[in-house]
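Input: a single structure, listed below in structure tokens.
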Amino acid sequence: MKLPGPDHPITVTPNPKRVRVTLGGTVIAETTRALTLQEASYKPVQYIPRADAEMALLARTDRSTHCPYKGDASYYTIEAGGRRAENAVWSYESPFPAMAAIEGHLAFYPDRVDAIEEV
């Protein structure tokens with residue numbers, strides 16, 4: 001486990017905007033409680049509470065990855081609107097203590113869904 005710091009900063013802040021994720025014309029998630037995770041020089045990622053996602057449209061897959069800063073990620077495939085997006089969603093279900101804020105949240109790959117809108 002590595003801790004975020006000056007060489008690899010990670011911040012998690014509430015997003016004041018409404019965030020909506022769509023696939024195949026279907027709203028997969030919509031929230032006013034998203035968290036924006038900014039990690040080093042990567043693009044910001046919106047983490048959406050599971051309670052604000054249509055979990056019935058998501059199916060957990062066997063894929064998993066490890067981040068030395070956040071922990072182990074689980075992945076989900078989305079089926080909606082006649083479309084299927086493999087491993088389009090990830091979640092740190094038991095993140096390391098420094099990233100506890102993203103527990104119970106989902107993140108979406110922008111290139112695997114139709115849109116991640118902030119309005």
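In the structure tokens, the first chain shown is A, the next is B, and so on; residue numbers restart at 1 for each chain, and ligands run from 1 in the order shown.
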
Who sits within 6 Å of range 99-108 of chain A, only C-alpha atoms, same chain under 4 positions skipped, as an mmCIF file with C-alpha atoms, in the first residue's frame:
```cif
data_model
loop_
_atom_site.group_PDB
_atom_site.id
_atom_site.type_symbol
_atom_site.label_atom_id
_atom_site.label_comp_id
_atom_site.auth_asym_id
_atom_site.auth_seq_id
_atom_site.Cartn_x
_atom_site.Cartn_y
_atom_site.Cartn_z
ATOM 1 C CA TYR A 47 -17.293 8.239 -8.473
ATOM 2 C CA ILE A 48 -21.054 7.747 -8.140
ATOM 3 C CA PRO A 49 -22.782 6.231 -5.101
ATOM 4 C CA ARG A 50 -24.168 2.761 -5.811
ATOM 5 C CA LYS A 70 -6.525 2.649 -3.784
ATOM 6 C CA ALA A 88 -17.221 -0.582 -18.268
ATOM 7 C CA VAL A 89 -17.537 0.053 -14.534
ATOM 8 C CA TRP A 90 -15.126 -0.355 -11.660
ATOM 9 C CA SER A 91 -15.436 -0.101 -7.910
ATOM 10 C CA GLU A 93 -15.269 -2.199 -2.590
ATOM 11 C CA PRO A 95 -10.330 0.630 -0.605
#
```

Identify, on the basis of only C-alpha atoms, every residue whose closest approach to Asp7 in chain A does not exceed 12 Å; exclude the query and any residue fewer than 5 positions from it along the same chain; express the result as a VMD selection string.
chain A and resid 2 39 to 41

Just N, CA and C atoms for this one: save the residues we selected as a compact mmCIF listing (two decimals), in the first residue's frame.
```
# COMPACT_ATOMS: atom_id res chain seq x y z
N LYS A 2 0.57 2.17 -0.89
CA LYS A 2 1.28 3.43 -0.95
C LYS A 2 0.32 4.55 -0.56
N GLU A 39 -6.24 12.17 -9.62
CA GLU A 39 -5.04 11.41 -9.28
C GLU A 39 -3.89 11.84 -10.19
N ALA A 40 -2.85 12.38 -9.56
CA ALA A 40 -1.64 12.80 -10.28
C ALA A 40 -2.04 13.58 -11.53
N SER A 41 -1.50 13.20 -12.69
CA SER A 41 -1.79 13.94 -13.93
C SER A 41 -2.90 13.29 -14.76
```

Got a sec: who's within 6 Å of Ile78 in chain A, counting only C-alpha atoms, leaving out chain neighbours fewer than 2 positions off, as a count of residues only?
4

What parts of range 9-80 of chain A does DSSP call strand (DSSP E)? I'd like the answer as a VMD selection string.
chain A and resid 10 to 14 19 to 23 26 to 31 35 to 39 45 to 49 58 to 67 71 to 80

Between A:Asp62, A:Pro44, A:Tyr69, A:Met55, smallest distance to Pro97 in chain A by only C-alpha atoms belongs to A:Tyr69

Any idea what the distance is between CA of Ala56 in chain A and CA of Gln38 in chain A?
28.3 Å

Mind checking which residues fall within 6 Å of range 13-26 of chain A, counting only C-alpha atoms, ignoring those fewer than 5 positions away in the same chain, and posting them as a short mmCIF file (atom, residue, chain, number, x, y, z; two decimals) with N, CA and C atoms, in the first residue's frame?
```
data_model
loop_
_atom_site.label_atom_id
_atom_site.label_comp_id
_atom_site.auth_asym_id
_atom_site.auth_seq_id
_atom_site.Cartn_x
_atom_site.Cartn_y
_atom_site.Cartn_z
N THR A 31 -26.77 11.36 -10.29
CA THR A 31 -26.57 11.75 -8.90
C THR A 31 -26.19 13.21 -8.77
N THR A 32 -26.44 13.74 -7.60
CA THR A 32 -25.91 15.05 -7.20
C THR A 32 -24.91 14.85 -6.07
N ALA A 34 -21.91 12.89 -6.52
CA ALA A 34 -20.68 12.31 -7.08
C ALA A 34 -19.46 12.89 -6.37
N LEU A 35 -18.41 12.09 -6.36
CA LEU A 35 -17.11 12.53 -5.85
C LEU A 35 -16.15 12.58 -7.03
N THR A 36 -15.39 13.65 -7.14
CA THR A 36 -14.39 13.77 -8.19
C THR A 36 -13.05 13.37 -7.62
N ALA A 80 -27.77 -2.40 -21.45
CA ALA A 80 -28.88 -1.44 -21.45
C ALA A 80 -29.15 -0.96 -22.87
N GLY A 81 -30.42 -0.72 -23.17
CA GLY A 81 -30.78 -0.17 -24.47
C GLY A 81 -30.29 -0.98 -25.64
N ARG A 83 -27.54 -2.56 -25.80
CA ARG A 83 -26.08 -2.49 -25.89
C ARG A 83 -25.45 -3.21 -24.71
N VAL A 113 -19.14 3.99 -22.35
CA VAL A 113 -20.54 4.41 -22.20
C VAL A 113 -20.79 5.51 -23.23
N ASP A 114 -22.05 5.86 -23.43
CA ASP A 114 -22.36 6.92 -24.42
C ASP A 114 -21.95 8.29 -23.90
N ALA A 115 -22.17 8.53 -22.60
CA ALA A 115 -21.84 9.85 -22.05
C ALA A 115 -21.74 9.81 -20.54
N ILE A 116 -20.85 10.64 -20.03
CA ILE A 116 -20.81 10.99 -18.61
C ILE A 116 -20.95 12.50 -18.61
N GLU A 117 -22.15 12.96 -18.28
CA GLU A 117 -22.46 14.39 -18.35
C GLU A 117 -22.44 15.02 -16.97
N GLU A 118 -21.94 16.23 -16.92
CA GLU A 118 -22.01 17.04 -15.71
C GLU A 118 -22.85 18.27 -16.05
N VAL A 119 -23.99 18.40 -15.39
CA VAL A 119 -24.89 19.52 -15.68
C VAL A 119 -25.23 20.30 -14.42
#
```

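The space separating CA of Arg60 in chain A from CA of Asn87 in chain A comes to 8.3 Å.
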
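Using only C-alpha atoms, the nearest neighbour of Gly71 in chain A within the list A:Ala53, A:Leu37, A:Ala59, A:Ala98 is A:Ala98.
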
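For chain A, backbone-based DSSP labels the following residues as helix (DSSP H, G or I): Arg50, Ala51, Asp52, Met55, Ala56, Leu57, Pro97, Ala98, Met99, Ala100, Ala101 and Ile102 of chain A.
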